[in-house]
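Enquirer: File name model_9.cif; file contents mmCIF, C-alpha atoms and all ligand atoms; full text below.
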data_start
loop_
_atom_site.label_atom_id
_atom_site.label_comp_id
_atom_site.auth_asym_id
_atom_site.auth_seq_id
_atom_site.Cartn_x
_atom_site.Cartn_y
_atom_site.Cartn_z
CA MET A 1 102.10 177.70 136.36
CA LYS A 2 102.97 174.10 135.68
CA THR A 3 100.17 173.89 133.08
CA LEU A 4 101.49 177.03 131.39
CA LEU A 5 105.01 175.58 131.15
CA ILE A 6 103.73 172.37 129.63
CA SER A 7 101.63 174.32 127.13
CA SER A 8 104.64 176.37 126.07
CA ALA A 9 106.70 173.23 125.57
CA VAL A 10 103.95 171.72 123.42
CA VAL A 11 103.76 174.90 121.30
CA VAL A 12 107.54 174.87 120.77
CA LEU A 13 107.42 171.20 119.76
CA LEU A 14 104.53 171.83 117.35
CA LEU A 15 106.31 174.80 115.78
CA ALA A 16 109.50 172.79 115.38
CA ALA A 17 107.54 170.04 113.66
CA VAL A 18 105.51 172.29 111.34
CA CYS A 19 108.18 174.77 110.22
CA PRO A 20 110.50 173.62 107.43
CA ALA A 21 113.90 172.70 108.78
CA VAL A 22 117.05 174.46 107.66
CA GLY A 23 120.18 172.64 106.50
CA ASP A 24 120.21 168.89 106.77
CA ALA A 25 117.99 168.73 109.87
CA PRO A 26 115.03 166.35 109.67
CA LEU A 27 111.87 167.47 107.87
CA SER A 28 108.47 166.76 109.39
CA VAL A 29 104.89 166.43 108.28
CA ILE A 30 102.27 166.27 111.02
CA CYS A 31 99.85 163.58 109.91
CA LYS A 32 97.01 163.07 112.40
CA LYS A 33 95.69 160.07 110.47
CA LEU A 34 98.99 158.29 111.16
CA GLY A 35 99.00 159.43 114.79
CA GLY A 36 101.90 161.90 114.68
CA ALA A 37 104.74 163.28 112.59
CA VAL A 38 106.38 161.62 109.58
CA GLN A 39 110.07 162.62 109.61
CA PHE A 40 112.11 162.85 106.42
CA LYS A 41 115.88 162.91 106.05
CA ALA A 42 118.10 163.11 102.98
CA LEU A 43 121.78 162.22 103.12
CA THR A 44 124.66 160.68 101.24
CA GLU A 45 126.26 157.41 102.24
CA GLY A 46 128.93 155.34 100.49
CA GLY A 47 128.49 156.97 97.08
CA ASN A 48 124.69 156.90 97.33
CA PHE A 49 122.00 159.46 97.91
CA CYS A 50 119.45 158.14 100.42
CA ALA A 51 115.95 159.32 101.27
CA VAL A 52 114.79 158.26 104.74
CA ALA A 53 111.24 158.41 106.14
CA THR A 54 110.28 157.62 109.73
CA HIS A 55 106.62 157.00 110.51
CA PRO A 56 105.13 157.77 113.93
CA LYS A 57 104.26 154.11 114.56
CA PRO A 58 105.61 150.72 113.38
CA LEU A 59 104.87 150.00 109.70
CA LYS A 60 102.85 146.89 110.52
CA THR A 61 100.36 149.11 112.38
CA PHE A 62 99.20 150.59 109.10
CA LEU A 63 100.23 148.26 106.30
CA GLY A 64 97.20 146.72 104.62
CA GLY A 65 94.82 148.62 106.87
CA PHE A 66 91.30 148.55 105.56
CA LYS A 67 88.26 149.88 107.38
CA ASP A 68 84.60 149.76 106.30
CA GLY A 69 85.61 148.29 102.94
CA GLY A 70 87.97 151.13 102.05
CA LYS A 71 91.56 152.07 102.68
CA THR A 72 91.52 154.86 105.20
CA TYR A 73 95.25 155.28 105.69
CA SER A 74 98.48 154.47 103.93
CA LEU A 75 102.22 154.62 104.51
CA ASP A 76 102.88 155.93 101.00
CA VAL A 77 105.49 158.68 100.84
CA VAL A 78 107.17 160.59 98.03
CA VAL A 79 110.56 162.32 98.14
CA TYR A 80 111.28 164.79 95.36
CA LEU A 81 114.81 165.83 94.55
CA ASP A 82 115.36 169.21 92.91
CA THR A 83 118.99 168.66 91.94
CA ASP A 84 119.70 172.26 90.90
CA ALA A 85 117.59 173.82 93.70
CA ASN A 86 115.75 175.61 90.89
CA ALA A 87 111.95 175.42 90.75
CA LYS A 88 112.00 176.57 87.10
CA THR A 89 113.61 173.35 85.85
CA GLY A 90 112.20 169.84 86.20
CA LEU A 91 108.61 168.74 86.87
CA LYS A 92 105.87 171.32 86.46
CA GLY A 93 103.89 170.05 89.47
CA GLY A 94 100.38 171.23 90.19
CA ASP A 95 97.40 170.44 92.38
CA PHE A 96 97.53 166.73 91.51
CA ASP A 97 101.23 166.47 92.37
CA PRO A 98 101.80 168.66 95.40
CA GLY A 99 105.51 169.20 96.04
CA ALA A 100 106.61 168.08 92.55
CA LYS A 101 107.34 171.49 91.03
CA GLY A 102 110.99 171.89 90.08
CA ALA A 103 111.99 168.29 90.84
CA GLU A 104 114.32 166.29 88.61
CA TRP A 105 113.84 163.00 90.51
CA LYS A 106 111.00 161.31 92.35
CA PHE A 107 111.47 158.54 94.94
CA GLU A 108 108.21 156.84 95.80
CA ALA A 109 106.92 154.31 98.33
CA ASP A 110 103.68 152.84 97.07
CA GLU A 111 101.78 150.15 98.97
CA VAL A 112 100.89 147.16 96.79
CA THR A 113 99.33 143.78 97.48
CA THR A 114 101.43 141.05 95.93
CA SER A 115 102.98 137.61 96.42
CA LEU A 116 105.57 137.97 99.15
CA ALA A 117 106.93 134.48 99.83
CA LYS A 118 106.06 130.78 99.66
CA ASP A 119 104.80 128.87 102.69
CA ALA A 120 105.92 125.38 103.77
CA ASN A 121 103.55 123.82 101.18
CA GLY A 122 104.98 125.90 98.36
CA GLU A 123 101.89 128.12 98.19
CA TRP A 124 102.36 131.83 97.66
CA ILE A 125 101.65 134.08 100.63
CA ASN A 126 99.99 137.31 99.55
CA GLY A 127 100.38 140.49 101.51
CA GLN A 128 101.32 144.13 101.39
CA LYS A 129 104.67 145.76 100.75
CA LEU A 130 105.96 149.22 99.96
CA ASP A 131 107.04 149.17 96.33
CA ALA A 132 110.01 151.37 95.42
CA THR A 133 109.93 153.56 92.35
CA VAL A 134 112.65 155.93 91.13
CA MET A 135 111.48 158.25 88.36
CA LYS A 136 113.52 160.73 86.35
CA GLY A 137 110.95 163.48 85.98
CA ASP A 138 107.94 161.67 84.47
CA ASP A 139 110.03 158.89 82.94
CA ASP A 140 111.19 155.44 84.01
CA PRO A 141 114.96 155.73 83.70
CA ASP A 142 117.31 152.98 82.56
CA LEU A 143 118.77 151.75 85.83
CA PRO A 144 122.50 151.09 86.10
CA GLU A 145 123.58 147.46 86.24
CA GLY A 146 123.26 145.99 89.71
CA TYR A 147 120.99 148.73 91.05
CA PHE A 148 117.57 147.51 92.17
CA PRO A 149 115.62 150.22 94.02
CA GLU A 150 114.08 148.95 97.26
CA TRP A 151 112.84 150.44 100.50
CA GLU A 152 115.04 149.03 103.25
CA LEU A 153 113.97 148.88 106.89
CA GLU A 154 115.83 150.17 109.92
CA VAL A 155 115.99 147.44 112.52
CA GLY A 156 118.10 147.86 115.67
CA GLY A 157 119.79 150.97 114.25
CA LYS A 158 120.83 149.32 110.96
CA PHE A 159 119.18 149.21 107.55
CA GLN A 160 118.42 145.85 105.98
CA SER A 161 116.44 144.37 103.10
CA ALA A 162 112.79 144.11 104.03
CA ASP A 163 111.15 140.73 104.59
CA TRP A 164 107.60 141.92 103.97
CA ALA A 165 106.17 138.42 104.66
CA GLU A 166 107.52 138.55 108.23
CA LEU A 167 107.84 142.25 108.82
CA PRO A 168 110.13 143.09 111.75
CA GLU A 169 109.34 145.95 114.13
CA SER A 170 110.40 149.09 112.27
CA LYS A 171 109.19 152.63 111.71
CA THR A 172 111.92 153.82 109.35
CA ILE A 173 112.37 153.12 105.63
CA ARG A 174 115.21 154.12 103.30
CA LEU A 175 115.60 154.21 99.51
CA CYS A 176 119.06 154.89 98.06
CA GLY A 177 120.46 155.48 94.58
CA PRO A 178 124.00 155.97 93.23
CA LEU A 179 125.09 159.62 93.19
CA SER A 180 126.56 159.17 89.68
CA PHE A 181 123.25 157.79 88.35
CA LEU A 182 121.30 160.68 89.87
CA GLY A 183 123.82 163.21 88.56
CA LEU A 184 124.73 164.37 92.06
CA LYS A 185 128.05 165.39 93.59
CA THR A 186 129.07 166.16 97.12
CA GLY A 187 129.03 169.91 97.75
CA GLN A 188 126.00 170.28 95.47
CA LYS A 189 123.03 172.26 96.72
CA VAL A 190 119.75 170.36 96.29
CA ARG A 191 116.18 171.00 97.39
CA VAL A 192 114.50 168.02 99.04
CA VAL A 193 110.72 167.74 99.32
CA GLY A 194 109.00 165.15 101.51
CA VAL A 195 105.34 164.34 100.81
CA VAL A 196 102.77 162.31 102.76
CA PRO A 197 99.90 161.96 100.23
CA LEU A 198 97.50 160.71 102.92
CA CYS A 199 97.67 164.10 104.60
CA ASN A 200 97.27 166.27 101.50
CA ASP A 201 93.49 166.32 101.88
CA ALA A 202 93.36 170.08 102.40
CA PHE A 203 94.75 173.19 100.76
CA PRO A 204 97.53 174.33 100.74
CA PHE A 205 98.65 170.71 101.14
CA PRO A 206 99.74 170.17 104.76
CA GLY A 207 101.41 166.89 103.75
CA VAL A 208 104.33 168.65 102.02
CA THR A 209 107.59 169.78 103.61
CA GLU A 210 110.85 170.91 102.01
CA THR A 211 114.33 172.21 102.66
CA VAL A 212 117.58 172.92 100.83
CA ILE A 213 120.67 170.91 101.78
CA VAL A 214 124.27 170.76 100.65
CA LEU A 215 125.28 167.17 99.91
CA LYS A 216 128.13 166.01 102.14
CA CA B 301 114.94 171.82 89.29
#
Would you mind writing the file out in structure tokens?

Expert:
Amino acid sequence: MKTLLISSAVVVLLLAAVCPAVGDAPLSVICKKLGGAVQFKALTEGGNFCAVATHPKPLKTFLGGFKDGGKTYSLDVVVYLDTDANAKTGLKGGDFDPGAKGAEWKFEADEVTTSLAKDANGEWINGQKLDATVMKGDDDPDLPEGYFPEWELEVGGKFQSADWAELPESKTIRLCGPLSFLGLKTGQKVRVVGVVPLCNDAFPFPGVTETVIVLK
């Protein structure tokens, strides 16, 4: 009987994780290669729209991970924003861009190897970071003055600029952009799509999750 109860609880948890959430509840993608679910959230804060992604394990577990000469996993995520909740406007999408159809904006975390900081001798330290890209459809938009897209890290319940050279313990990243720049207003209905490219290795793309929210 005890086994049966545990099994039922597991099934409920799995269903909750796999089914698209309604409203502004978190969105999940089960990604076995990352050891669990990647949770997405979309919200407004202080005049900004923010996309949030929480990985199942600390970022440093996976960043720069190479095995047998190849990269077998990555923390890359994409958040698409369909600002009119209308799949007929925006990106056309397709099999090479799962989740893109109908989106007006694309927020992307893309792992790159680059110079992160200088050491005590003034030599550059190379390492990995998650690069932030904000695309308007397929185009690089002109960014408003003072806005520099970056994936921030949640540390101790607060978001902060990421020091990728000395990465603190964190599983959650956030990329924000001004509502006015993105053409968004509170009360607007938008469709949000979270994508984990690593887990889109099957059809019909298990690494994609989406929901419609009303911006608060
Ligand atoms: Ca659209």

Enquirer: Please identify every residue of chain A that has at least one atom no farther than 7 Å from an atom of ligand CA 301 (chain B), counting all atoms listed in the file, and for each give the shortest atom pair and the distance in Å to one decimal, arranged by chain then increasing number, as CSV.

Expert:
residue,atom,partner,partner_atom,distance
A:Asp82,CA,B:CA301,CA,4.5
A:Thr83,CA,B:CA301,CA,5.8
A:Asp84,CA,B:CA301,CA,5.0
A:Ala85,CA,B:CA301,CA,5.5
A:Asn86,CA,B:CA301,CA,4.2
A:Ala87,CA,B:CA301,CA,4.9
A:Lys88,CA,B:CA301,CA,6.0
A:Thr89,CA,B:CA301,CA,4.0
A:Gly90,CA,B:CA301,CA,4.6
A:Gly102,CA,B:CA301,CA,4.0
A:Ala103,CA,B:CA301,CA,4.9
A:Glu104,CA,B:CA301,CA,5.6

Enquirer: Distance atom CA of A:Gly157-atom CA of A:Phe40, one decimal place?

Expert: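 That distance, rounded to one decimal, is 16.2 Å.
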
Enquirer: Give me, please, the distance in Å between atom CA of A:Phe62 and atom CA of A:Phe96, quoted to one decimal.

Expert: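 Atom CA of A:Phe96 lies at a distance of 23.9 Å from atom CA of A:Phe62.
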
Enquirer: Using 9 Å as the limit and counting all atoms listed in the file, can you tabulate each residue of stretch 52-148 of chain A that touches stretch 165-187 of chain A, with its shortest atom-to-atom distance in Å and the two atoms involved, as a tab-separated table?

Expert:
residue	atom	partner	partner_atom	distance
A:Val52	CA	A:Arg174	CA	4.4
A:Ala53	CA	A:Ile173	CA	5.4
A:Thr54	CA	A:Thr172	CA	4.2
A:His55	CA	A:Lys171	CA	5.2
A:Pro56	CA	A:Lys171	CA	6.9
A:Lys57	CA	A:Lys171	CA	5.9
A:Pro58	CA	A:Lys171	CA	4.4
A:Leu59	CA	A:Lys171	CA	5.4
A:Lys60	CA	A:Leu167	CA	7.0
A:Thr83	CA	A:Leu184	CA	7.2
A:Trp105	CA	A:Leu182	CA	7.8
A:Phe107	CA	A:Leu175	CA	7.5
A:Glu108	CA	A:Leu175	CA	8.7
A:Ala109	CA	A:Leu175	CA	8.8
A:Ser115	CA	A:Ala165	CA	8.9
A:Leu116	CA	A:Ala165	CA	5.6
A:Ala117	CA	A:Ala165	CA	6.3
A:Ile125	CA	A:Ala165	CA	7.5
A:Asn126	CA	A:Ala165	CA	8.1
A:Gly127	CA	A:Ala165	CA	6.9
A:Gln128	CA	A:Ala165	CA	8.2
A:Lys129	CA	A:Ala165	CA	8.5
A:Ala132	CA	A:Leu175	CA	7.5
A:Val134	CA	A:Gly177	CA	8.5
A:Lys136	CA	A:Leu182	CA	8.5
A:Leu143	CA	A:Phe181	CA	7.9
A:Pro144	CA	A:Phe181	CA	7.1
A:Tyr147	CA	A:Gly177	CA	7.6
A:Phe148	CA	A:Gly177	CA	8.8

Enquirer: Which is closest to A:Glu210 among A:Val112, A:Val78, A:Leu27, A:Leu63, if we use all atoms listed in the file?

Expert: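 Of A:Val112, A:Val78, A:Leu27, A:Leu63, the one nearest A:Glu210, counting all atoms listed in the file, is A:Leu27.
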
Enquirer: Rank nothing, just name the residue among A:Ser161, A:Gln39, A:Thr72, A:Asn48 nearest to A:Leu198, using all atoms listed in the file.

Expert: A:Thr72
